[in-house]
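Read the structure below first, then the notes.
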Amino acid sequence: MAEKTLLRVEDLKLYFQTSHGDVQAVDGVNFSLPENKAVVVIGESGCGKTSMAKALLRLLPRNAGTYSGKVLLNGVDIMAMDDEQYRKDVRWVKMSMVPQAAMNSLNPVMRVKDQVSEPMIVHSAVSKEFALEQARIMFQRVGVPVDFLNRYAFELSGGMRQRVAIAMSLVTVPELVILDEPTSALDVLTQANIMNLLKGIKKEFATSFILITHDVATASEIADYVEVMYAGQIVEFGDAYRFFTEPLHPYSEKLMASIPRLRSTSKLDFITGQPPSLINPPTGCRFADRCHKRFAKCSEEPPTVNIDGRSVKCWLYQ
Amino acid sequence: MASKKQTKVNIQSVQTELSDTFLSIQDLHVWFELRKFGFGRAGYVHAVDGVSFDLDRGEALAIVGESGCGKTTLMKTILGLYMPVKGDVVYKGNRLSEYSNAEMRWYRSQVGFVQQDPYGALPPFMNVQRILEEPLIINGVKDKKERLERIHRVFEEVKMTPVEEFLPKFPHMLSGGQQQRVVIARAMILNPKLLVADEPVSMLDASVRVEILNLLRGLQEKHHLAVIYITHDLSTVRYFSEYIFVMYAGEIIEKATGDDLLKNPCHPYTLALLSATSDPDAKNVEKFQDVPPGEPPSLVKPPEGCRFHPRCKKMIPGLCDVKRPPEFQPIKGHLVSCWLFKDA
């Protein structure tokens, strides 16, 4: 199957400047994503998942230092654009984001209908009435009762707020939506609802998703591809089916073994130690200190090996 | 309602050194008053409405439910932080509501509390040593050497070694897992008999979660503790507790042993919870999950009859929406509040 590549990321780097030195939050990330597919980024907190999302959308904090690499969206290098062009042509037009804790990222003093229609008014130069009509349609699609349109964010439950945030990211019909921990603060049933919603949207709008989560079980609900991040780097990237049956990297293996399961009695494992500091990350493999399969070679920078379409950054497969 | 009283799930009687039950929750109702314009009464939030169960030493009990179902209120009432409007918490044969202030202080030393968010639970301006000394000082351990000794002992138990290295640190210098260990150490330092853990791992990374759960389980077995583990995550429960209670809208709707509940869930709500909890599996992508419509009801005016009936597929009109279901026992040791099992 010849799939059209929607997004290609090459050697993306984002460092933050601090008084202790540069934090290498995203350090040389490479991957590509075909159209209408979902890639799930998993990893522990502090491994650079959110920073990668922010780097893709160019939502940089003030202390951002190095910001380099190539991001090709439909073959166009969006990293080469200046900020104004990026804002006009990419952000929320082609790529949008549902931020982490979407429940708290809604504006408390705006009615949700105004909030959902705002991206349209700003980016598509449409009339307010048209945008509100679109917002209404979008509300119906994401399952928020239409009489909630006039409410404020605090008048909605957590699941409803999440739906509003999703509606807001979809209203301009972007090709790629980045969802940062869309379900982590929600209840089990609400989580299942939101995942159902995302599955439906993926089919209907032909949208691609980058879903960031540390909950592997949720990830498996929607993933076509899985990307495992560790200490600012991608240690494994591959199709979801083979990842969930047989993870390659020792870190992915341990991570999978540490997930409590409802329907199996396997003994749980955990990863000892902590991820390394990203200010002065260790040379060689960054996972080496915690790895159960460590050997002499691991003190050198591991290569990214390609094994039938899956890539893994580990000496074991060389 | 008579059957509500005998809610001891434990059918095989566990022998303890005490003749009377260790902890008994009797028909507990905790309501919060809603006020209109500051004085007029606008009704009550029925946060906990008729909960009863017994717990013995050495048993771990998990209470599972969605947010807003009253599990935190129940926990805080057991800790003595809220006063019930009806019913009581009975600790070793004494009613909590009859305790004097001094007795209450003693009770609190018997109950350890592990909070949900470890960073929020630790005062940022105190170092670890201060944090752990405080409960000892309050409970009259005047000798500094003894205090340090006890801190050392408890730190070794929660595997925070070398101890000296951690004592001068402030909470922000520790990782999430280490912070949670400090919280557990603080809960354990007075040698409590009962440990109440409110979502102790929900804020932690998957890789440390298991470590903390194993630690809690180890402490429970070693000290023969009674543990109440409150969570919304069913998948962690089976690794942790003997009993699982499912709570919905202020009521406990199903009580069973851990394996029994996961194998033979009875209440439609429990079934929904179980089917919505997915295991990592690539096949999940292909299907939509079956989720009951709607949201949990308001606790100000909870629905008549069974509180789950507006969302329930198997609702029996004329019964479920009229009469509150008592506890039926379809399987031995498995109690369920649902009219579907009325013939059991």
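In the structure tokens, chains take letters A, B, ... by order of appearance, with residues numbered from 1 within each chain and ligands from 1 in the order shown.
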
Margin query: Please list as a ChimeraX atom specification every residue within 8 Å of Leu255 of chain A, counting only C-alpha atoms and excluding residues in the same chain fewer than 6 positions away.
Written below: /A:270-271 /B:206-207

Next item on the list: Tell me, as a ChimeraX atom specification, which residues lie within 10 Å of Ser169 of chain A, counting only C-alpha atoms; anything in the same chain fewer than 5 positions away does not count.
Entry: /A:92-93,95-99,116,119,163-164,174,176-179

Using the chain letters and numbers from this document, which residues of segment 48-288 of chain A does DSSP assign to alpha helix (DSSP H), as a PDB file with C-alpha atoms, in the first residue's frame?
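Final output, part37.pdb:
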ATOM      1  CA  LYS A  49       6.878  13.941  25.049  1.00  0.00           C
ATOM      2  CA  THR A  50       5.164  17.275  25.607  1.00  0.00           C
ATOM      3  CA  SER A  51       8.238  19.226  24.543  1.00  0.00           C
ATOM      4  CA  MET A  52       8.179  17.380  21.242  1.00  0.00           C
ATOM      5  CA  ALA A  53       4.541  18.353  20.714  1.00  0.00           C
ATOM      6  CA  LYS A  54       5.340  21.956  21.526  1.00  0.00           C
ATOM      7  CA  ALA A  55       8.304  21.878  19.177  1.00  0.00           C
ATOM      8  CA  LEU A  56       6.094  20.611  16.354  1.00  0.00           C
ATOM      9  CA  LEU A  57       3.545  23.363  16.931  1.00  0.00           C
ATOM     10  CA  ASP A  83       6.575  33.019  12.830  1.00  0.00           C
ATOM     11  CA  GLU A  84       3.858  35.027  11.088  1.00  0.00           C
ATOM     12  CA  GLN A  85       3.627  32.653   8.146  1.00  0.00           C
ATOM     13  CA  TYR A  86       3.645  29.703  10.516  1.00  0.00           C
ATOM     14  CA  ARG A  87       0.773  31.171  12.470  1.00  0.00           C
ATOM     15  CA  LYS A  88      -1.200  31.898   9.307  1.00  0.00           C
ATOM     16  CA  ASP A  89      -0.601  28.667   7.427  1.00  0.00           C
ATOM     17  CA  ALA A 102      -7.532  20.433  28.613  1.00  0.00           C
ATOM     18  CA  MET A 103     -10.036  20.859  31.387  1.00  0.00           C
ATOM     19  CA  ASN A 104      -7.978  23.669  32.838  1.00  0.00           C
ATOM     20  CA  SER A 105      -6.823  25.183  29.585  1.00  0.00           C
ATOM     21  CA  VAL A 112     -17.584  27.713  25.332  1.00  0.00           C
ATOM     22  CA  LYS A 113     -19.276  28.502  22.007  1.00  0.00           C
ATOM     23  CA  ASP A 114     -17.130  31.606  21.576  1.00  0.00           C
ATOM     24  CA  GLN A 115     -14.090  29.625  22.479  1.00  0.00           C
ATOM     25  CA  VAL A 116     -14.771  26.888  19.993  1.00  0.00           C
ATOM     26  CA  SER A 117     -15.599  29.298  17.174  1.00  0.00           C
ATOM     27  CA  GLU A 118     -12.647  31.585  17.823  1.00  0.00           C
ATOM     28  CA  PRO A 119     -10.033  29.582  15.881  1.00  0.00           C
ATOM     29  CA  MET A 120     -12.316  29.683  12.842  1.00  0.00           C
ATOM     30  CA  ILE A 121     -12.849  33.409  13.036  1.00  0.00           C
ATOM     31  CA  VAL A 122      -9.124  34.019  13.415  1.00  0.00           C
ATOM     32  CA  HIS A 123      -7.870  31.607  10.784  1.00  0.00           C
ATOM     33  CA  SER A 124     -10.571  31.224   8.170  1.00  0.00           C
ATOM     34  CA  LYS A 128     -19.131  35.130  13.393  1.00  0.00           C
ATOM     35  CA  GLU A 129     -22.514  33.594  12.624  1.00  0.00           C
ATOM     36  CA  PHE A 130     -20.976  31.010  10.324  1.00  0.00           C
ATOM     37  CA  ALA A 131     -18.318  30.146  12.894  1.00  0.00           C
ATOM     38  CA  LEU A 132     -20.943  29.740  15.603  1.00  0.00           C
ATOM     39  CA  GLU A 133     -22.942  27.465  13.336  1.00  0.00           C
ATOM     40  CA  GLN A 134     -19.814  25.378  12.757  1.00  0.00           C
ATOM     41  CA  ALA A 135     -19.209  25.291  16.492  1.00  0.00           C
ATOM     42  CA  ARG A 136     -22.742  24.007  16.980  1.00  0.00           C
ATOM     43  CA  ILE A 137     -22.208  21.239  14.422  1.00  0.00           C
ATOM     44  CA  MET A 138     -18.912  20.352  16.052  1.00  0.00           C
ATOM     45  CA  PHE A 139     -20.559  20.220  19.487  1.00  0.00           C
ATOM     46  CA  GLN A 140     -23.066  17.727  18.187  1.00  0.00           C
ATOM     47  CA  ARG A 141     -20.307  15.657  16.675  1.00  0.00           C
ATOM     48  CA  VAL A 142     -18.252  15.435  19.870  1.00  0.00           C
ATOM     49  CA  GLY A 158     -14.394  16.969  33.221  1.00  0.00           C
ATOM     50  CA  GLY A 159     -15.424  14.773  30.321  1.00  0.00           C
ATOM     51  CA  MET A 160     -17.484  17.566  28.751  1.00  0.00           C
ATOM     52  CA  ARG A 161     -14.596  20.026  29.052  1.00  0.00           C
ATOM     53  CA  GLN A 162     -12.351  17.530  27.332  1.00  0.00           C
ATOM     54  CA  ARG A 163     -14.904  17.223  24.545  1.00  0.00           C
ATOM     55  CA  VAL A 164     -15.049  21.002  24.190  1.00  0.00           C
ATOM     56  CA  ALA A 165     -11.254  21.133  23.921  1.00  0.00           C
ATOM     57  CA  ILE A 166     -11.384  18.431  21.257  1.00  0.00           C
ATOM     58  CA  ALA A 167     -14.117  20.336  19.406  1.00  0.00           C
ATOM     59  CA  MET A 168     -11.914  23.417  19.505  1.00  0.00           C
ATOM     60  CA  SER A 169      -8.998  21.554  17.963  1.00  0.00           C
ATOM     61  CA  LEU A 170     -11.194  20.117  15.186  1.00  0.00           C
ATOM     62  CA  VAL A 188     -12.599   5.063  33.370  1.00  0.00           C
ATOM     63  CA  LEU A 189     -15.982   5.360  31.686  1.00  0.00           C
ATOM     64  CA  THR A 190     -15.288   8.888  30.484  1.00  0.00           C
ATOM     65  CA  GLN A 191     -11.917   7.717  29.185  1.00  0.00           C
ATOM     66  CA  ALA A 192     -13.588   4.994  27.187  1.00  0.00           C
ATOM     67  CA  ASN A 193     -16.072   7.540  25.842  1.00  0.00           C
ATOM     68  CA  ILE A 194     -13.353   9.930  24.722  1.00  0.00           C
ATOM     69  CA  MET A 195     -11.394   7.143  23.055  1.00  0.00           C
ATOM     70  CA  ASN A 196     -14.567   6.067  21.214  1.00  0.00           C
ATOM     71  CA  LEU A 197     -15.036   9.649  20.097  1.00  0.00           C
ATOM     72  CA  LEU A 198     -11.460   9.883  18.803  1.00  0.00           C
ATOM     73  CA  LYS A 199     -11.823   6.615  16.902  1.00  0.00           C
ATOM     74  CA  GLY A 200     -14.985   7.929  15.269  1.00  0.00           C
ATOM     75  CA  ILE A 201     -13.383  11.244  14.352  1.00  0.00           C
ATOM     76  CA  LYS A 202     -10.363   9.543  12.884  1.00  0.00           C
ATOM     77  CA  LYS A 203     -12.597   7.645  10.486  1.00  0.00           C
ATOM     78  CA  GLU A 204     -14.919  10.481   9.658  1.00  0.00           C
ATOM     79  CA  PHE A 205     -12.578  13.422   9.236  1.00  0.00           C
ATOM     80  CA  VAL A 216      -0.232   2.211  27.459  1.00  0.00           C
ATOM     81  CA  ALA A 217      -3.678   0.636  27.760  1.00  0.00           C
ATOM     82  CA  THR A 218      -5.332   3.802  26.471  1.00  0.00           C
ATOM     83  CA  ALA A 219      -2.690   4.069  23.805  1.00  0.00           C
ATOM     84  CA  SER A 220      -3.605   0.671  22.441  1.00  0.00           C
ATOM     85  CA  GLU A 221      -7.142   1.886  21.792  1.00  0.00           C
ATOM     86  CA  ILE A 222      -6.204   4.065  18.868  1.00  0.00           C
ATOM     87  CA  ALA A 240       1.293  -0.958  17.005  1.00  0.00           C
ATOM     88  CA  TYR A 241       0.374  -4.557  16.414  1.00  0.00           C
ATOM     89  CA  ARG A 242       3.888  -5.851  16.583  1.00  0.00           C
ATOM     90  CA  PHE A 243       4.785  -3.450  19.375  1.00  0.00           C
ATOM     91  CA  PHE A 244       2.084  -4.756  21.672  1.00  0.00           C
ATOM     92  CA  THR A 245       2.886  -8.364  20.939  1.00  0.00           C
ATOM     93  CA  PRO A 250      14.566  -3.337  26.633  1.00  0.00           C
ATOM     94  CA  TYR A 251      12.888  -0.160  27.915  1.00  0.00           C
ATOM     95  CA  SER A 252       9.677  -0.878  26.005  1.00  0.00           C
ATOM     96  CA  GLU A 253       9.797  -4.432  27.241  1.00  0.00           C
ATOM     97  CA  LYS A 254      10.053  -3.325  30.878  1.00  0.00           C
ATOM     98  CA  LEU A 255       7.431  -0.650  30.370  1.00  0.00           C
ATOM     99  CA  MET A 256       4.983  -3.205  29.000  1.00  0.00           C
ATOM    100  CA  ALA A 257       5.730  -5.578  31.859  1.00  0.00           C
TER     101      ALA A 257
END

Do me a favour and pick out the residues of chain B within 7 Å of chain A, using only C-alpha atoms, as an mmCIF file with C-alpha atoms, in the first residue's frame.
data_model
loop_
_atom_site.group_PDB
_atom_site.id
_atom_site.type_symbol
_atom_site.label_atom_id
_atom_site.label_comp_id
_atom_site.auth_asym_id
_atom_site.auth_seq_id
_atom_site.Cartn_x
_atom_site.Cartn_y
_atom_site.Cartn_z
ATOM 1 C CA GLU B 66 -15.717 7.246 39.604
ATOM 2 C CA SER B 67 -14.872 10.710 40.829
ATOM 3 C CA ASP B 205 4.501 6.962 36.301
ATOM 4 C CA ALA B 206 3.627 3.457 35.224
ATOM 5 C CA SER B 207 7.172 2.314 35.872
ATOM 6 C CA VAL B 208 7.066 3.267 39.584
ATOM 7 C CA VAL B 210 4.063 -1.252 40.685
ATOM 8 C CA GLU B 211 6.983 -0.585 42.979
ATOM 9 C CA HIS B 232 -10.722 4.498 40.210
ATOM 10 C CA SER B 235 -6.519 -2.834 36.913
ATOM 11 C CA THR B 236 -4.311 -2.099 39.939
ATOM 12 C CA LEU B 273 -16.447 -0.435 34.545
ATOM 13 C CA ALA B 276 -14.171 0.043 29.896
ATOM 14 C CA THR B 277 -10.862 -0.870 31.520
ATOM 15 C CA SER B 278 -8.717 -2.021 28.650
ATOM 16 C CA ASP B 279 -5.545 -4.022 28.703
ATOM 17 C CA PRO B 280 -2.813 -3.031 26.284
ATOM 18 C CA ASP B 281 -3.691 -5.034 23.204
ATOM 19 C CA ALA B 282 -3.329 -4.127 19.556
ATOM 20 C CA ASN B 284 -8.419 -2.686 20.821
ATOM 21 C CA VAL B 285 -8.135 -0.444 17.776
ATOM 22 C CA PHE B 288 -15.576 0.653 19.980
ATOM 23 C CA GLN B 289 -16.014 0.245 23.693
ATOM 24 C CA VAL B 291 -20.070 2.578 27.571
#

Next item on the list: Give the answer as one residue: which of B:Leu319, B:Leu213, B:Pro330, B:His223 has the shortest atom-to-atom distance to Cys266 of chain B, using only C-alpha atoms?
Entry: B:Pro330

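For the pair atom CA of Tyr243 of chain B and atom CA of Ile228 of chain B, the separation is 9.7 Å.
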
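If you measure from each of A:Val26, A:Val226, A:Leu156, A:Leu278 to Glu295 of chain B using only C-alpha atoms, the closest one turns out to be A:Leu156.
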
Item checked: All residues 9 Å or closer to segment 144-152 of chain B, only C-alpha atoms, same chain fewer than 4 positions away omitted, as JSON, numbers by chain -> {"B": [129, 132, 133, 136, 137, 156, 157, 163, 164, 185, 186, 189, 190]}

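Using only C-alpha atoms for every distance, the candidate list B:Val246, B:Ile212, B:Ala62, B:Ile78 yields B:Ile78 as the residue closest to Gly112 of chain B.
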
Next item on the list: Using DSSP on the backbone, list every residue of segment 79-311 of chain B that comes out as strand (DSSP E), and give them as a ChimeraX atom specification.
Entry: /B:86-91,94-95,111-114,194-198,226-231,243-248,251-257

Next, the residues of the selection above should be written as a JSON list (two decimals), in the first residue's frame with C-alpha atoms.
[["chain", "number", "residue", "atom", "x", "y", "z"],
["B", 86, "LYS", "CA", -26.39, 9.26, 60.60],
["B", 87, "GLY", "CA", -24.61, 6.03, 61.37],
["B", 88, "ASP", "CA", -21.15, 5.74, 62.80],
["B", 89, "VAL", "CA", -17.61, 4.52, 62.41],
["B", 90, "VAL", "CA", -16.82, 2.00, 65.15],
["B", 91, "TYR", "CA", -13.18, 1.37, 65.90],
["B", 94, "ASN", "CA", -15.86, 2.42, 70.32],
["B", 95, "ARG", "CA", -17.92, 4.91, 68.39],
["B", 111, "VAL", "CA", -4.75, 5.44, 61.36],
["B", 112, "GLY", "CA", -2.20, 6.24, 58.67],
["B", 113, "PHE", "CA", -3.17, 8.28, 55.66],
["B", 114, "VAL", "CA", -1.47, 8.13, 52.26],
["B", 194, "LEU", "CA", -5.16, 0.91, 59.76],
["B", 195, "LEU", "CA", -3.81, 2.50, 56.60],
["B", 196, "VAL", "CA", -6.05, 4.55, 54.34],
["B", 197, "ALA", "CA", -4.60, 5.17, 50.89],
["B", 198, "ASP", "CA", -6.39, 7.56, 48.56],
["B", 226, "ALA", "CA", -5.92, -3.24, 57.69],
["B", 227, "VAL", "CA", -5.78, -1.24, 54.48],
["B", 228, "ILE", "CA", -8.46, 0.73, 52.70],
["B", 229, "TYR", "CA", -7.31, 1.45, 49.19],
["B", 230, "ILE", "CA", -9.35, 3.95, 47.26],
["B", 231, "THR", "CA", -8.99, 4.09, 43.52],
["B", 243, "TYR", "CA", -11.95, -7.39, 48.77],
["B", 244, "ILE", "CA", -13.28, -5.01, 46.19],
["B", 245, "PHE", "CA", -16.25, -2.75, 46.86],
["B", 246, "VAL", "CA", -17.74, -0.83, 43.98],
["B", 247, "MET", "CA", -19.23, 2.52, 44.83],
["B", 248, "TYR", "CA", -21.70, 4.51, 42.76],
["B", 251, "GLU", "CA", -23.71, 3.84, 47.77],
["B", 252, "ILE", "CA", -21.75, 0.64, 47.70],
["B", 253, "ILE", "CA", -23.42, -1.43, 45.03],
["B", 254, "GLU", "CA", -21.28, -4.53, 44.94],
["B", 255, "LYS", "CA", -19.05, -6.25, 47.48],
["B", 256, "ALA", "CA", -16.96, -9.29, 46.71],
["B", 257, "THR", "CA", -13.53, -10.79, 47.00]]

Next item on the list: Tell me which protein, DNA and RNA residues are within 12 Å of His249 of chain A, counting only C-alpha atoms, leaving out same-chain ones fewer than 5 positions away, and put them as a VMD selection string.
Entry: chain A and resid 227 to 230 234 to 238 243 254 to 256 285 287 to 288 291 to 294 302 304 to 305 307 310 to 317

Go ahead and write the residues just picked, N, CA and C atoms, as an mmCIF file, in the first residue's frame.
data_model
loop_
_atom_site.group_PDB
_atom_site.id
_atom_site.type_symbol
_atom_site.label_atom_id
_atom_site.label_comp_id
_atom_site.auth_asym_id
_atom_site.auth_seq_id
_atom_site.Cartn_x
_atom_site.Cartn_y
_atom_site.Cartn_z
ATOM 1 N N GLU A 227 5.400 5.098 19.386
ATOM 2 C CA GLU A 227 6.705 5.719 19.452
ATOM 3 C C GLU A 227 7.076 5.761 20.935
ATOM 4 N N VAL A 228 8.178 5.153 21.293
ATOM 5 C CA VAL A 228 8.582 5.143 22.695
ATOM 6 C C VAL A 228 9.689 6.161 22.880
ATOM 7 N N MET A 229 9.478 7.109 23.772
ATOM 8 C CA MET A 229 10.497 8.124 24.025
ATOM 9 C C MET A 229 11.176 7.854 25.341
ATOM 10 N N TYR A 230 12.453 8.089 25.367
ATOM 11 C CA TYR A 230 13.185 7.986 26.622
ATOM 12 C C TYR A 230 14.270 9.050 26.631
ATOM 13 N N ILE A 234 13.860 9.082 20.677
ATOM 14 C CA ILE A 234 12.959 7.981 20.359
ATOM 15 C C ILE A 234 13.769 6.697 20.403
ATOM 16 N N VAL A 235 13.388 5.784 21.273
ATOM 17 C CA VAL A 235 14.148 4.545 21.361
ATOM 18 C C VAL A 235 13.501 3.438 20.535
ATOM 19 N N GLU A 236 12.205 3.579 20.257
ATOM 20 C CA GLU A 236 11.572 2.579 19.411
ATOM 21 C C GLU A 236 10.419 3.208 18.662
ATOM 22 N N PHE A 237 10.288 2.847 17.390
ATOM 23 C CA PHE A 237 9.166 3.320 16.586
ATOM 24 C C PHE A 237 8.730 2.179 15.693
ATOM 25 N N GLY A 238 7.458 1.887 15.700
ATOM 26 C CA GLY A 238 7.018 0.804 14.832
ATOM 27 C C GLY A 238 5.520 0.663 14.854
ATOM 28 N N PHE A 243 4.277 -4.002 18.118
ATOM 29 C CA PHE A 243 4.785 -3.450 19.375
ATOM 30 C C PHE A 243 4.100 -4.098 20.576
ATOM 31 N N LYS A 254 10.290 -3.546 29.444
ATOM 32 C CA LYS A 254 10.053 -3.325 30.878
ATOM 33 C C LYS A 254 8.786 -2.509 31.101
ATOM 34 N N LEU A 255 8.595 -1.512 30.239
ATOM 35 C CA LEU A 255 7.431 -0.650 30.370
ATOM 36 C C LEU A 255 6.155 -1.470 30.200
ATOM 37 N N MET A 256 6.145 -2.355 29.231
ATOM 38 C CA MET A 256 4.983 -3.205 29.000
ATOM 39 C C MET A 256 4.763 -4.159 30.175
ATOM 40 N N CYS A 285 24.223 4.856 25.412
ATOM 41 C CA CYS A 285 22.790 4.645 25.529
ATOM 42 C C CYS A 285 22.294 5.287 26.811
ATOM 43 N N PHE A 287 19.616 4.746 28.404
ATOM 44 C CA PHE A 287 18.882 3.830 29.267
ATOM 45 C C PHE A 287 19.818 2.828 29.945
ATOM 46 N N ALA A 288 21.083 2.832 29.546
ATOM 47 C CA ALA A 288 22.016 1.788 29.977
ATOM 48 C C ALA A 288 22.010 1.545 31.492
ATOM 49 N N CYS A 291 19.147 -0.656 32.502
ATOM 50 C CA CYS A 291 18.826 -1.733 31.567
ATOM 51 C C CYS A 291 19.258 -3.081 32.126
ATOM 52 N N HIS A 292 18.390 -4.086 31.931
ATOM 53 C CA HIS A 292 18.720 -5.419 32.407
ATOM 54 C C HIS A 292 19.518 -6.213 31.376
ATOM 55 N N LYS A 293 19.652 -5.651 30.167
ATOM 56 C CA LYS A 293 20.394 -6.380 29.132
ATOM 57 C C LYS A 293 21.664 -5.641 28.756
ATOM 58 N N ARG A 294 22.155 -4.843 29.658
ATOM 59 C CA ARG A 294 23.289 -4.002 29.382
ATOM 60 C C ARG A 294 24.538 -4.829 29.096
ATOM 61 N N PRO A 302 24.229 4.271 20.766
ATOM 62 C CA PRO A 302 23.651 3.172 19.985
ATOM 63 C C PRO A 302 23.154 3.640 18.618
ATOM 64 N N THR A 304 20.511 3.521 15.320
ATOM 65 C CA THR A 304 19.091 3.224 15.132
ATOM 66 C C THR A 304 18.996 2.142 14.067
ATOM 67 N N VAL A 305 18.532 0.981 14.486
ATOM 68 C CA VAL A 305 18.519 -0.175 13.596
ATOM 69 C C VAL A 305 17.118 -0.350 13.044
ATOM 70 N N ILE A 307 14.411 -2.891 11.641
ATOM 71 C CA ILE A 307 14.052 -4.310 11.545
ATOM 72 C C ILE A 307 12.659 -4.411 10.959
ATOM 73 N N ARG A 310 10.369 -1.516 11.502
ATOM 74 C CA ARG A 310 10.366 -0.942 12.849
ATOM 75 C C ARG A 310 11.785 -0.456 13.126
ATOM 76 N N SER A 311 11.883 0.654 13.837
ATOM 77 C CA SER A 311 13.234 1.102 14.151
ATOM 78 C C SER A 311 13.443 1.059 15.661
ATOM 79 N N VAL A 312 14.642 0.685 16.056
ATOM 80 C CA VAL A 312 14.936 0.600 17.479
ATOM 81 C C VAL A 312 16.355 1.096 17.705
ATOM 82 N N LYS A 313 16.528 1.882 18.762
ATOM 83 C CA LYS A 313 17.828 2.478 19.038
ATOM 84 C C LYS A 313 18.488 1.660 20.145
ATOM 85 N N CYS A 314 19.145 0.597 19.751
ATOM 86 C CA CYS A 314 19.729 -0.284 20.752
ATOM 87 C C CYS A 314 20.817 -1.138 20.117
ATOM 88 N N TRP A 315 21.880 -1.374 20.875
ATOM 89 C CA TRP A 315 22.992 -2.178 20.364
ATOM 90 C C TRP A 315 22.623 -3.647 20.185
ATOM 91 N N LEU A 316 21.601 -4.100 20.903
ATOM 92 C CA LEU A 316 21.244 -5.519 20.867
ATOM 93 C C LEU A 316 20.902 -6.005 19.466
ATOM 94 N N TYR A 317 20.411 -5.085 18.641
ATOM 95 C CA TYR A 317 19.900 -5.522 17.342
ATOM 96 C C TYR A 317 20.887 -5.229 16.230
#

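Nearest residue to His46 of chain B among B:Ser241, B:Ser298, B:Gln180, B:Asn139 is B:Ser298, counting only C-alpha atoms.
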
Next item on the list: Figure out the distance between atom CA of Ile212 of chain A and atom CA of Gln100 of chain A, please, to one decimal in Å.
Entry: 9.1 Å
